[in-house]
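work.cif follows; it contains mmCIF, C-alpha atoms and all ligand atoms.
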data_query
loop_
_atom_site.label_atom_id
_atom_site.label_comp_id
_atom_site.auth_asym_id
_atom_site.auth_seq_id
_atom_site.Cartn_x
_atom_site.Cartn_y
_atom_site.Cartn_z
CA MET G 1 -0.90 17.19 -14.89
CA ILE G 2 -0.45 14.51 -12.22
CA LEU G 3 0.62 10.99 -13.31
CA ILE G 4 -0.23 8.03 -11.08
CA THR G 5 1.15 4.50 -11.45
CA GLY G 6 -0.66 1.61 -9.78
CA ALA G 7 -3.90 3.54 -10.26
CA THR G 8 -6.03 0.41 -10.56
CA GLY G 9 -4.76 -0.85 -7.19
CA LYS G 10 -5.89 -0.59 -3.56
CA THR G 11 -4.48 2.91 -2.97
CA GLY G 12 -4.16 4.38 -6.46
CA THR G 13 -7.83 3.91 -7.35
CA HIS G 14 -9.00 6.09 -4.45
CA LEU G 15 -6.28 8.64 -5.14
CA ALA G 16 -6.98 8.98 -8.87
CA LYS G 17 -10.74 9.29 -8.34
CA GLN G 18 -10.37 11.79 -5.48
CA LEU G 19 -8.04 14.03 -7.49
CA ALA G 20 -10.20 13.87 -10.61
CA ALA G 21 -13.32 14.67 -8.53
CA SER G 22 -11.58 17.77 -7.17
CA GLY G 23 -10.98 18.98 -10.72
CA ARG G 24 -7.27 18.13 -11.04
CA LYS G 25 -5.87 16.87 -14.32
CA VAL G 26 -4.94 13.26 -13.62
CA ARG G 27 -3.40 10.61 -15.86
CA ALA G 28 -2.95 6.94 -14.95
CA LEU G 29 -0.37 4.54 -16.36
CA VAL G 30 -2.40 1.36 -16.81
CA ARG G 31 -1.38 -2.00 -18.25
CA THR G 32 -4.80 -3.45 -19.04
CA ALA G 33 -7.53 -1.46 -20.78
CA ASP G 34 -10.44 -3.32 -19.12
CA LYS G 35 -9.26 -2.19 -15.66
CA ALA G 36 -9.00 1.41 -16.90
CA SER G 37 -12.69 1.90 -17.68
CA ALA G 38 -13.75 2.80 -14.10
CA LEU G 39 -10.96 5.37 -13.97
CA SER G 40 -11.93 6.83 -17.36
CA ALA G 41 -15.53 7.12 -16.19
CA ALA G 42 -14.26 9.09 -13.17
CA GLY G 43 -12.48 11.59 -15.44
CA VAL G 44 -8.96 10.15 -15.26
CA SER G 45 -7.08 10.09 -18.57
CA ILE G 46 -5.39 6.82 -19.40
CA ALA G 47 -1.85 6.26 -20.63
CA ALA G 48 -1.84 2.63 -21.74
CA GLY G 49 1.51 1.08 -20.99
CA ASN G 50 3.78 -1.04 -18.85
CA GLY G 51 6.09 0.33 -16.17
CA ASP G 52 8.90 -1.88 -17.49
CA SER G 53 8.94 -0.02 -20.83
CA PRO G 54 10.98 3.22 -20.90
CA THR G 55 9.04 4.26 -24.01
CA ASP G 56 5.63 3.75 -22.35
CA VAL G 57 6.73 5.55 -19.18
CA ALA G 58 8.25 8.46 -21.14
CA ALA G 59 5.01 8.86 -23.12
CA ALA G 60 2.93 8.79 -19.92
CA LEU G 61 5.17 11.46 -18.35
CA LYS G 62 4.75 14.04 -21.14
CA GLY G 63 3.57 17.36 -19.64
CA VAL G 64 3.51 15.95 -16.10
CA SER G 65 4.50 18.20 -13.18
CA SER G 66 3.86 15.76 -10.29
CA ALA G 67 4.10 11.98 -10.31
CA VAL G 68 2.92 9.35 -7.83
CA LEU G 69 4.94 6.14 -7.76
CA ILE G 70 3.01 3.04 -6.66
CA TYR G 71 4.15 -0.43 -7.70
CA PRO G 72 3.31 -3.78 -6.11
CA ASN G 73 5.90 -5.88 -4.31
CA ALA G 74 7.95 -7.95 -6.72
CA GLU G 75 11.57 -8.83 -7.31
CA HIS G 76 11.74 -6.26 -10.13
CA GLN G 77 9.94 -3.46 -8.16
CA LEU G 78 13.18 -1.57 -7.49
CA ALA G 79 14.17 -1.74 -11.19
CA LEU G 80 10.71 -0.44 -12.22
CA GLU G 81 10.91 2.40 -9.72
CA LYS G 82 14.43 3.41 -10.80
CA LEU G 83 13.30 3.35 -14.44
CA PHE G 84 10.37 5.60 -13.54
CA VAL G 85 12.56 8.05 -11.60
CA ASP G 86 15.06 8.29 -14.49
CA GLN G 87 12.24 9.00 -16.94
CA ALA G 88 10.67 11.53 -14.56
CA VAL G 89 13.97 13.42 -14.36
CA ALA G 90 14.27 13.36 -18.17
CA ALA G 91 10.67 14.60 -18.54
CA GLY G 92 11.23 17.58 -16.23
CA VAL G 93 8.83 16.39 -13.50
CA LYS G 94 9.01 18.69 -10.50
CA HIS G 95 7.74 16.55 -7.62
CA ILE G 96 7.55 12.80 -7.04
CA VAL G 97 5.49 11.19 -4.29
CA LYS G 98 6.33 7.59 -3.46
CA LEU G 99 4.04 5.13 -1.69
CA SER G 100 6.57 3.51 0.60
CA SER G 101 6.55 1.82 3.99
CA PRO G 102 7.56 2.83 7.54
CA GLU G 103 9.91 -0.16 7.50
CA ALA G 104 11.94 1.39 4.64
CA LEU G 105 14.98 1.49 6.92
CA GLU G 106 18.56 0.49 6.23
CA HIS G 107 18.63 -2.09 9.03
CA MET G 108 15.33 -3.81 8.09
CA LYS G 109 16.57 -6.64 5.90
CA ASN G 110 13.27 -8.00 4.54
CA PRO G 111 13.44 -7.69 0.71
CA VAL G 112 10.24 -5.58 0.56
CA HIS G 113 11.56 -3.15 3.16
CA GLN G 114 14.95 -3.05 1.39
CA THR G 115 13.27 -2.37 -1.96
CA HIS G 116 11.48 0.63 -0.46
CA TYR G 117 14.60 1.82 1.36
CA ARG G 118 16.76 1.63 -1.76
CA SER G 119 14.08 3.23 -3.94
CA GLU G 120 13.72 6.10 -1.45
CA GLN G 121 17.50 6.60 -1.52
CA TYR G 122 17.49 6.62 -5.33
CA ILE G 123 14.71 9.23 -5.39
CA LYS G 124 16.45 11.40 -2.80
CA LYS G 125 19.60 11.45 -4.97
CA SER G 126 17.69 12.10 -8.23
CA GLY G 127 17.38 15.88 -7.85
CA LEU G 128 13.56 15.68 -7.95
CA ALA G 129 11.57 17.24 -5.12
CA TRP G 130 10.17 14.26 -3.22
CA THR G 131 7.69 13.19 -0.54
CA MET G 132 7.49 9.70 0.95
CA VAL G 133 4.06 8.55 2.16
CA ARG G 134 4.62 5.50 4.36
CA PRO G 135 1.42 3.82 5.55
CA ASN G 136 1.43 0.84 7.89
CA PHE G 137 -0.24 -2.59 7.29
CA PHE G 138 -3.30 -2.10 5.05
CA MET G 139 -6.78 -2.92 6.38
CA GLN G 140 -7.61 -3.81 2.77
CA ASN G 141 -5.21 -6.80 3.06
CA PHE G 142 -8.18 -8.54 4.72
CA LEU G 143 -10.06 -8.46 1.40
CA GLY G 144 -7.83 -11.47 0.64
CA ASN G 145 -9.57 -13.26 3.54
CA ALA G 146 -13.09 -12.20 2.52
CA ALA G 147 -14.04 -15.56 0.98
CA THR G 148 -13.51 -17.58 4.18
CA ILE G 149 -14.92 -14.84 6.41
CA LYS G 150 -18.04 -14.97 4.25
CA SER G 151 -18.37 -18.74 3.93
CA GLU G 152 -16.94 -20.04 7.25
CA GLY G 153 -16.82 -17.08 9.64
CA LYS G 154 -13.05 -17.69 9.93
CA PHE G 155 -9.82 -16.23 8.62
CA TYR G 156 -6.50 -18.03 8.51
CA LEU G 157 -3.15 -16.29 9.01
CA PRO G 158 0.19 -17.16 10.68
CA MET G 159 0.42 -14.01 12.82
CA GLY G 160 0.23 -15.60 16.29
CA ASP G 161 -0.39 -12.85 18.84
CA GLY G 162 1.28 -10.23 16.62
CA ARG G 163 -0.20 -6.76 16.21
CA ALA G 164 -0.25 -3.93 13.68
CA ALA G 165 -1.41 -0.30 13.54
CA MET G 166 -3.65 -1.11 10.57
CA THR G 167 -4.27 1.66 8.06
CA ASP G 168 -7.04 2.13 5.51
CA THR G 169 -5.68 2.64 1.98
CA ARG G 170 -8.27 5.43 1.56
CA ASP G 171 -6.36 7.34 4.24
CA ALA G 172 -3.05 6.68 2.46
CA ALA G 173 -4.67 8.04 -0.73
CA ALA G 174 -6.04 11.06 1.14
CA VAL G 175 -2.55 11.92 2.42
CA ILE G 176 -1.04 11.63 -1.06
CA ALA G 177 -3.80 13.90 -2.41
CA GLN G 178 -3.08 16.40 0.37
CA VAL G 179 0.65 16.31 -0.45
CA LEU G 180 -0.12 17.00 -4.12
CA THR G 181 -2.62 19.81 -3.58
CA THR G 182 -1.21 21.80 -0.65
CA PRO G 183 2.25 23.39 -0.31
CA GLY G 184 5.14 22.50 1.96
CA HIS G 185 5.52 18.71 1.67
CA GLU G 186 8.77 18.52 -0.30
CA GLY G 187 11.57 16.65 1.45
CA LYS G 188 9.17 15.13 4.02
CA SER G 189 8.47 11.48 4.96
CA TYR G 190 5.07 10.78 6.49
CA ASP G 191 4.60 7.58 8.52
CA ILE G 192 0.85 6.97 8.52
CA THR G 193 -1.05 4.59 10.80
CA GLY G 194 -4.65 3.86 11.65
CA PRO G 195 -6.02 4.90 15.04
CA ALA G 196 -5.16 1.69 16.95
CA VAL G 197 -2.65 -1.14 17.21
CA LEU G 198 -4.74 -4.30 16.78
CA SER G 199 -4.06 -7.99 17.22
CA PHE G 200 -5.62 -10.40 14.76
CA ALA G 201 -7.93 -11.58 17.56
CA ASP G 202 -8.99 -7.92 17.99
CA VAL G 203 -9.72 -7.82 14.26
CA ALA G 204 -11.85 -10.98 14.53
CA GLY G 205 -13.80 -9.32 17.36
CA ILE G 206 -14.49 -6.25 15.22
CA PHE G 207 -15.58 -8.37 12.25
CA SER G 208 -17.94 -10.29 14.59
CA LYS G 209 -19.43 -7.09 16.01
CA VAL G 210 -19.95 -5.28 12.71
CA LEU G 211 -21.06 -8.30 10.64
CA GLY G 212 -23.33 -9.55 13.44
CA LYS G 213 -21.96 -13.12 13.30
CA PRO G 214 -19.02 -14.86 14.99
CA VAL G 215 -15.75 -14.46 13.09
CA THR G 216 -12.70 -16.34 14.38
CA TYR G 217 -9.01 -15.82 13.69
CA VAL G 218 -7.39 -19.24 13.17
CA ASN G 219 -3.64 -19.04 13.68
CA GLN G 220 -1.66 -21.06 11.13
CA ASP G 221 1.59 -22.98 11.29
CA ALA G 222 4.11 -20.74 9.47
CA ALA G 223 5.58 -23.44 7.19
CA ALA G 224 2.16 -24.84 6.23
CA TYR G 225 0.86 -21.35 5.49
CA LYS G 226 3.87 -20.59 3.29
CA GLU G 227 3.20 -23.73 1.26
CA PHE G 228 -0.46 -22.70 0.91
CA LEU G 229 0.41 -19.13 -0.12
CA GLY G 230 2.91 -20.43 -2.68
CA LYS G 231 -0.04 -21.69 -4.75
CA TYR G 232 -1.32 -18.12 -5.19
CA LEU G 233 1.74 -15.86 -5.36
CA LYS G 234 3.57 -15.53 -8.66
CA SER G 235 7.12 -16.00 -7.35
CA SER G 236 9.07 -17.59 -4.52
CA TRP G 237 10.71 -14.18 -3.97
CA HIS G 238 7.30 -12.74 -3.17
CA ASN G 239 6.28 -15.69 -1.00
CA ASP G 240 9.54 -15.54 0.98
CA ALA G 241 9.22 -11.76 1.44
CA VAL G 242 5.56 -11.79 2.53
CA CYS G 243 6.05 -14.72 4.91
CA ASP G 244 9.06 -12.94 6.42
CA ILE G 245 6.88 -9.87 7.07
CA PHE G 246 4.38 -12.20 8.77
CA ARG G 247 7.27 -13.59 10.87
CA GLU G 248 8.24 -10.07 11.94
CA ILE G 249 4.66 -9.43 13.07
CA ARG G 250 4.37 -12.84 14.75
CA GLU G 251 7.63 -12.25 16.63
CA GLY G 252 6.31 -8.98 18.05
CA TYR G 253 7.48 -6.26 15.66
CA PHE G 254 4.88 -3.53 15.36
CA MET G 255 4.85 0.16 14.66
CA PRO G 256 3.19 2.33 17.31
CA THR G 257 0.46 4.66 16.10
CA THR G 258 1.54 8.11 14.88
CA ASN G 259 -0.32 11.45 14.90
CA THR G 260 0.91 12.29 11.41
CA PHE G 261 -2.43 11.61 9.74
CA GLN G 262 -4.36 13.88 12.16
CA GLU G 263 -1.73 16.62 11.79
CA LEU G 264 -1.95 16.55 8.00
CA MET G 265 -5.65 15.95 7.54
CA GLY G 266 -7.27 17.51 10.63
CA ARG G 267 -9.39 14.42 11.28
CA GLU G 268 -9.04 10.95 12.80
CA PRO G 269 -7.88 8.13 10.54
CA ILE G 270 -10.48 5.52 9.53
CA SER G 271 -11.04 2.88 12.22
CA PHE G 272 -11.16 -0.86 11.55
CA GLU G 273 -14.87 -0.79 12.47
CA GLN G 274 -15.50 1.79 9.77
CA PHE G 275 -13.44 -0.21 7.27
CA VAL G 276 -15.59 -3.32 7.87
CA ARG G 277 -18.81 -1.28 7.66
CA ASP G 278 -17.73 0.27 4.35
CA TYR G 279 -16.64 -3.06 2.83
CA GLN G 280 -19.46 -5.10 4.43
CA ALA G 281 -20.67 -6.37 1.05
CA ALA G 282 -17.30 -8.10 0.50
CA PHE G 283 -17.40 -9.87 3.87
CA SER G 284 -21.04 -10.90 4.32
N1 LIG I 1 -0.14 -4.19 1.84
C1 LIG I 1 0.29 -3.43 2.83
O1 LIG I 1 -0.05 -3.66 4.01
C2 LIG I 1 1.20 -2.26 2.54
C3 LIG I 1 1.51 -1.35 3.56
C4 LIG I 1 2.36 -0.28 3.26
C5 LIG I 1 2.87 -0.12 1.98
N2 LIG I 1 2.54 -1.02 1.02
C6 LIG I 1 3.10 -0.84 -0.34
O2 LIG I 1 2.06 -0.49 -1.21
C7 LIG I 1 2.48 -0.80 -2.55
C8 LIG I 1 1.32 -1.38 -3.31
O3 LIG I 1 0.24 -0.48 -3.25
P1 LIG I 1 -1.25 -0.99 -3.44
O4 LIG I 1 -1.48 -2.16 -2.52
O5 LIG I 1 -2.14 0.17 -3.39
O6 LIG I 1 -1.17 -1.52 -4.93
P2 LIG I 1 -1.85 -2.82 -5.55
O7 LIG I 1 -3.26 -2.93 -5.11
O8 LIG I 1 -0.92 -3.97 -5.35
O9 LIG I 1 -1.85 -2.39 -7.06
C9 LIG I 1 -0.66 -2.27 -7.75
C10 LIG I 1 -0.92 -1.68 -9.08
O10 LIG I 1 0.28 -1.64 -9.85
C11 LIG I 1 -0.04 -1.96 -11.20
N3 LIG I 1 1.14 -2.53 -11.83
C12 LIG I 1 1.79 -3.66 -11.49
N4 LIG I 1 2.83 -3.87 -12.28
C13 LIG I 1 2.83 -2.86 -13.19
C14 LIG I 1 3.62 -2.54 -14.30
N5 LIG I 1 4.67 -3.31 -14.67
N6 LIG I 1 3.32 -1.43 -15.01
C15 LIG I 1 2.28 -0.65 -14.69
N7 LIG I 1 1.47 -0.91 -13.64
C16 LIG I 1 1.75 -2.01 -12.91
C17 LIG I 1 -1.18 -2.95 -11.10
O11 LIG I 1 -1.87 -2.91 -12.29
P3 LIG I 1 -2.45 -4.22 -13.01
O12 LIG I 1 -3.88 -4.10 -12.71
O13 LIG I 1 -2.11 -4.02 -14.43
O14 LIG I 1 -1.80 -5.44 -12.43
C18 LIG I 1 -1.96 -2.39 -9.90
O15 LIG I 1 -2.87 -1.41 -10.29
C19 LIG I 1 3.66 -1.75 -2.43
O16 LIG I 1 4.83 -1.12 -2.83
C20 LIG I 1 3.67 -2.10 -0.94
O17 LIG I 1 4.95 -2.39 -0.43
C21 LIG I 1 1.70 -2.06 1.25
#

Could you show the structure in this file as structure tokens?
Ligand SMILES: NC(=O)c1ccc[n+]([C@@H]2O[C@H](COP(=O)([O-])OP(=O)(O)OC[C@H]3O[C@@H](n4cnc5c(N)ncnc54)[C@H](OP(=O)(O)O)[C@@H]3O)[C@@H](O)[C@H]2O)c1
Amino acid sequence: MILITGATGKTGTHLAKQLAASGRKVRALVRTADKASALSAAGVSIAAGNGDSPTDVAAALKGVSSAVLIYPNAEHQLALEKLFVDQAVAAGVKHIVKLSSPEALEHMKNPVHQTHYRSEQYIKKSGLAWTMVRPNFFMQNFLGNAATIKSEGKFYLPMGDGRAAMTDTRDAAAVIAQVLTTPGHEGKSYDITGPAVLSFADVAGIFSKVLGKPVTYVNQDAAAYKEFLGKYLKSSWHNDAVCDIFREIREGYFMPTTNTFQELMGREPISFEQFVRDYQAAFS
């Protein structure tokens, strides 16, 4: 049995459905029953519960041999992940796969990067066999800009001329599925990127081409954007952390593309063009 947390999210949904479709026994830890119905329909069994409850997590881990750890960015993410690892050890789980980030490095001081770095260290010391899957900036982040792309042909971000090797979450899910279903991935960290490093102007060009209408990237003043984002994010911790990642990108930090995806999967990663084609209904 494979247990997946975050299975209603951008990566976990694809992973849970792919594994269930290939005949694997998959269980998802899900907080809200209404979000679980699509997973149930795909053959995923549901463990209702919250990752902050040791009792819920212990119940979800019964009979589990491999576990996939996916939690969203939050101040308590590290605590949730440590709780999960402790319960996985107690339950006799053999292998844990963590959705992490290529910036999970000791010297990267952003709180999101530090959370991933410290969680990885905790897992590595737990005694569990582990694999870290570390995708770069998600293409699916642009679903948060779909409303203005649809209504105005514009998207608003404070990235300046920054760039990122954008990665489709379906590829991150495919790598995790590969790690779980083929041998030899224990003790490995996989930094996954899409096929190209793209600026946000490049992205606008691809949206324009695929959607057949002009789409413009409108660069935002960093402080004004942070105030705007503060209306939507649940905590100032999250707003500070996300805006600091945007600053890193704006100031020129980017990860070069890697060949890791091709080496593992034997195919090219999904391009941004393909991402827009596949999610066209959300953007037009
Ligand atoms: N965005 C990027 O560009 C990027 C790039 C690389 C790595 N990452 C990493 O990817 C991770 C997030 O993955 P994602 O974007 O696929 O996930 P996501 O779409 O944010 O979904 C997160 C899931 O976690 C569930 N969840 C939240 N709190 C929970 C709790 N207390 N107990 C049980 N379930 C809980 C949510 O369920 P509910 O429906 O109940 O809320 C949701 O299904 C983060 O750690 C992030 O750092 C992101």

Open item on the list: Here is a test: counting all atoms listed in the file, which residue of G:Ala222, G:Ile46, G:Leu83, G:Leu264 is nearest to G:Asp244?
Closed with: G:Ala222

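Atom to atom, atom CA of G:Leu39 and atom CA of G:Val26 stand 9.9 Å apart.
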
Open item on the list: Quick one: residues within 9 Å of G:Phe207, only C-alpha atoms, excluding same-chain residues fewer than 3 positions away - as a ChimeraX atom specification?
Closed with: /G:149,202-204,210-216,272-273,276,283

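Across G:Tyr217, G:Asn73, G:Ile245, G:Ala48, the tightest approach to G:Lys109 is made by G:Ile245 when counting all atoms listed in the file.
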
- [ ] Tell me, as number ranges by chain, which residues lie within 12 Å of G:Pro183, counting only C-alpha atoms; anything in the same chain fewer than 4 positions away does not count.
- [x] G: 95, 131, 177-179, 187-188, 264

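Atom to atom, atom CA of G:Tyr253 and atom CA of G:Met132 stand 21.7 Å apart.
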
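Using all atoms listed in the file as the basis for the distance check, residues found within 6 Å of ligand LIG 1 (chain I) are Thr5, Gly6, Ala7, Thr8, Gly9, Lys10, Thr11, Gly12, Val30, Arg31, Thr32, Asn50, Gly51, Asp52, Ile70, Tyr71, Pro72, Asn73, Leu99, Ser100, Ser101, Pro135, Asn136, Phe137, Phe138 and Asn141 of chain G.
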
Task: Contact residues around G:Phe275 with only C-alpha atoms at 9 Å, ignoring same-chain residues under 3 positions, as a VMD selection string - done: chain G and resid 139 to 140 168 270 to 272 278 to 280

Open item on the list: Would you pick out the contacts of G:Pro158 at 8 Å or less, using only C-alpha atoms, so that residues sharing its chain but fewer than 3 positions from it are not included, and give the list as a list in words?
Closed with: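 In the requested format, the answer is Asn219, Gln220, Asp221, Ala222, Tyr225, Phe246, Arg247 and Arg250 of chain G.
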
TODO: Name the closest residue to G:Thr257 among the candidates G:Ala146, G:Val93, G:Ala20, G:Met166; distances are taken between atoms, counting only C-alpha atoms.
DONE: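 When distances to G:Thr257 are compared using only C-alpha atoms, the smallest one comes from G:Met166.
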
Open item on the list: I'd like to know which of G:Thr115, G:Gln77, G:Thr181, G:Thr193 is closest to G:Asn259, using only C-alpha atoms.
Closed with: G:Thr193

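Nearest to G:Met1 of all the residues G:Ala58, G:Leu180, G:Ala164, G:Leu15 is G:Leu180, based on only C-alpha atoms.
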
Restrict the output to stretch 84-105 of chain G and N, CA, C and O atoms, then write it as a PDB file, in the first residue's frame.
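Wrote it out as out.pdb, contents follow:
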ATOM      1  N   PHE G  84       4.845  13.411  10.470  1.00  0.00           N
ATOM      2  CA  PHE G  84       4.585  12.317   9.515  1.00  0.00           C
ATOM      3  C   PHE G  84       5.741  11.313   9.509  1.00  0.00           C
ATOM      4  O   PHE G  84       5.531  10.099   9.528  1.00  0.00           O
ATOM      5  N   VAL G  85       6.964  11.823   9.506  1.00  0.00           N
ATOM      6  CA  VAL G  85       8.146  10.943   9.470  1.00  0.00           C
ATOM      7  C   VAL G  85       8.184  10.079  10.737  1.00  0.00           C
ATOM      8  O   VAL G  85       8.409   8.862  10.665  1.00  0.00           O
ATOM      9  N   ASP G  86       7.933  10.692  11.893  1.00  0.00           N
ATOM     10  CA  ASP G  86       7.933   9.925  13.153  1.00  0.00           C
ATOM     11  C   ASP G  86       6.896   8.805  13.099  1.00  0.00           C
ATOM     12  O   ASP G  86       7.156   7.674  13.512  1.00  0.00           O
ATOM     13  N   GLN G  87       5.711   9.134  12.593  1.00  0.00           N
ATOM     14  CA  GLN G  87       4.641   8.124  12.520  1.00  0.00           C
ATOM     15  C   GLN G  87       4.985   7.047  11.477  1.00  0.00           C
ATOM     16  O   GLN G  87       4.647   5.880  11.659  1.00  0.00           O
ATOM     17  N   ALA G  88       5.645   7.449  10.400  1.00  0.00           N
ATOM     18  CA  ALA G  88       6.035   6.475   9.371  1.00  0.00           C
ATOM     19  C   ALA G  88       7.049   5.488   9.937  1.00  0.00           C
ATOM     20  O   ALA G  88       6.974   4.276   9.684  1.00  0.00           O
ATOM     21  N   VAL G  89       7.988   5.992  10.722  1.00  0.00           N
ATOM     22  CA  VAL G  89       8.973   5.096  11.368  1.00  0.00           C
ATOM     23  C   VAL G  89       8.233   4.124  12.287  1.00  0.00           C
ATOM     24  O   VAL G  89       8.446   2.903  12.236  1.00  0.00           O
ATOM     25  N   ALA G  90       7.324   4.655  13.106  1.00  0.00           N
ATOM     26  CA  ALA G  90       6.581   3.817  14.059  1.00  0.00           C
ATOM     27  C   ALA G  90       5.741   2.760  13.343  1.00  0.00           C
ATOM     28  O   ALA G  90       5.555   1.657  13.851  1.00  0.00           O
ATOM     29  N   ALA G  91       5.241   3.110  12.158  1.00  0.00           N
ATOM     30  CA  ALA G  91       4.353   2.193  11.417  1.00  0.00           C
ATOM     31  C   ALA G  91       5.134   1.163  10.591  1.00  0.00           C
ATOM     32  O   ALA G  91       4.523   0.307   9.956  1.00  0.00           O
ATOM     33  N   GLY G  92       6.448   1.278  10.574  1.00  0.00           N
ATOM     34  CA  GLY G  92       7.255   0.305   9.821  1.00  0.00           C
ATOM     35  C   GLY G  92       7.267   0.553   8.321  1.00  0.00           C
ATOM     36  O   GLY G  92       7.507  -0.378   7.532  1.00  0.00           O
ATOM     37  N   VAL G  93       7.029   1.811   7.915  1.00  0.00           N
ATOM     38  CA  VAL G  93       7.115   2.164   6.483  1.00  0.00           C
ATOM     39  C   VAL G  93       8.547   1.918   6.015  1.00  0.00           C
ATOM     40  O   VAL G  93       9.505   2.167   6.751  1.00  0.00           O
ATOM     41  N   LYS G  94       8.668   1.439   4.770  1.00  0.00           N
ATOM     42  CA  LYS G  94      10.010   1.113   4.275  1.00  0.00           C
ATOM     43  C   LYS G  94      10.655   2.268   3.523  1.00  0.00           C
ATOM     44  O   LYS G  94      11.849   2.492   3.590  1.00  0.00           O
ATOM     45  N   HIS G  95       9.851   3.022   2.755  1.00  0.00           N
ATOM     46  CA  HIS G  95      10.420   4.011   1.841  1.00  0.00           C
ATOM     47  C   HIS G  95       9.554   5.273   1.872  1.00  0.00           C
ATOM     48  O   HIS G  95       8.336   5.175   1.752  1.00  0.00           O
ATOM     49  N   ILE G  96      10.203   6.421   2.017  1.00  0.00           N
ATOM     50  CA  ILE G  96       9.457   7.685   1.974  1.00  0.00           C
ATOM     51  C   ILE G  96       9.984   8.514   0.812  1.00  0.00           C
ATOM     52  O   ILE G  96      11.201   8.590   0.583  1.00  0.00           O
ATOM     53  N   VAL G  97       9.058   9.093   0.052  1.00  0.00           N
ATOM     54  CA  VAL G  97       9.419   9.974  -1.060  1.00  0.00           C
ATOM     55  C   VAL G  97       8.888  11.352  -0.713  1.00  0.00           C
ATOM     56  O   VAL G  97       7.691  11.512  -0.446  1.00  0.00           O
ATOM     57  N   LYS G  98       9.785  12.336  -0.689  1.00  0.00           N
ATOM     58  CA  LYS G  98       9.352  13.693  -0.342  1.00  0.00           C
ATOM     59  C   LYS G  98       9.359  14.596  -1.562  1.00  0.00           C
ATOM     60  O   LYS G  98      10.338  14.633  -2.301  1.00  0.00           O
ATOM     61  N   LEU G  99       8.249  15.321  -1.756  1.00  0.00           N
ATOM     62  CA  LEU G  99       8.228  16.390  -2.762  1.00  0.00           C
ATOM     63  C   LEU G  99       8.932  17.588  -2.133  1.00  0.00           C
ATOM     64  O   LEU G  99       8.438  18.173  -1.169  1.00  0.00           O
ATOM     65  N   SER G 100      10.102  17.907  -2.673  1.00  0.00           N
ATOM     66  CA  SER G 100      10.920  18.959  -2.079  1.00  0.00           C
ATOM     67  C   SER G 100      11.191  20.019  -3.138  1.00  0.00           C
ATOM     68  O   SER G 100      10.341  20.243  -4.027  1.00  0.00           O
ATOM     69  N   SER G 101      12.329  20.647  -3.057  1.00  0.00           N
ATOM     70  CA  SER G 101      12.643  21.733  -3.989  1.00  0.00           C
ATOM     71  C   SER G 101      14.153  21.756  -4.233  1.00  0.00           C
ATOM     72  O   SER G 101      14.925  21.428  -3.316  1.00  0.00           O
ATOM     73  N   PRO G 102      14.583  22.139  -5.442  1.00  0.00           N
ATOM     74  CA  PRO G 102      16.032  22.167  -5.712  1.00  0.00           C
ATOM     75  C   PRO G 102      16.755  23.199  -4.857  1.00  0.00           C
ATOM     76  O   PRO G 102      17.972  23.149  -4.717  1.00  0.00           O
ATOM     77  N   GLU G 103      15.968  24.123  -4.272  1.00  0.00           N
ATOM     78  CA  GLU G 103      16.589  25.148  -3.421  1.00  0.00           C
ATOM     79  C   GLU G 103      16.658  24.696  -1.961  1.00  0.00           C
ATOM     80  O   GLU G 103      16.923  25.510  -1.068  1.00  0.00           O
ATOM     81  N   ALA G 104      16.410  23.412  -1.699  1.00  0.00           N
ATOM     82  CA  ALA G 104      16.506  22.881  -0.329  1.00  0.00           C
ATOM     83  C   ALA G 104      17.978  22.726   0.023  1.00  0.00           C
ATOM     84  O   ALA G 104      18.521  21.616   0.085  1.00  0.00           O
ATOM     85  N   LEU G 105      18.636  23.855   0.221  1.00  0.00           N
ATOM     86  CA  LEU G 105      20.085  23.885   0.436  1.00  0.00           C
ATOM     87  C   LEU G 105      20.366  24.686   1.707  1.00  0.00           C
ATOM     88  O   LEU G 105      19.659  25.674   1.986  1.00  0.00           O
TER      89      LEU G 105
END
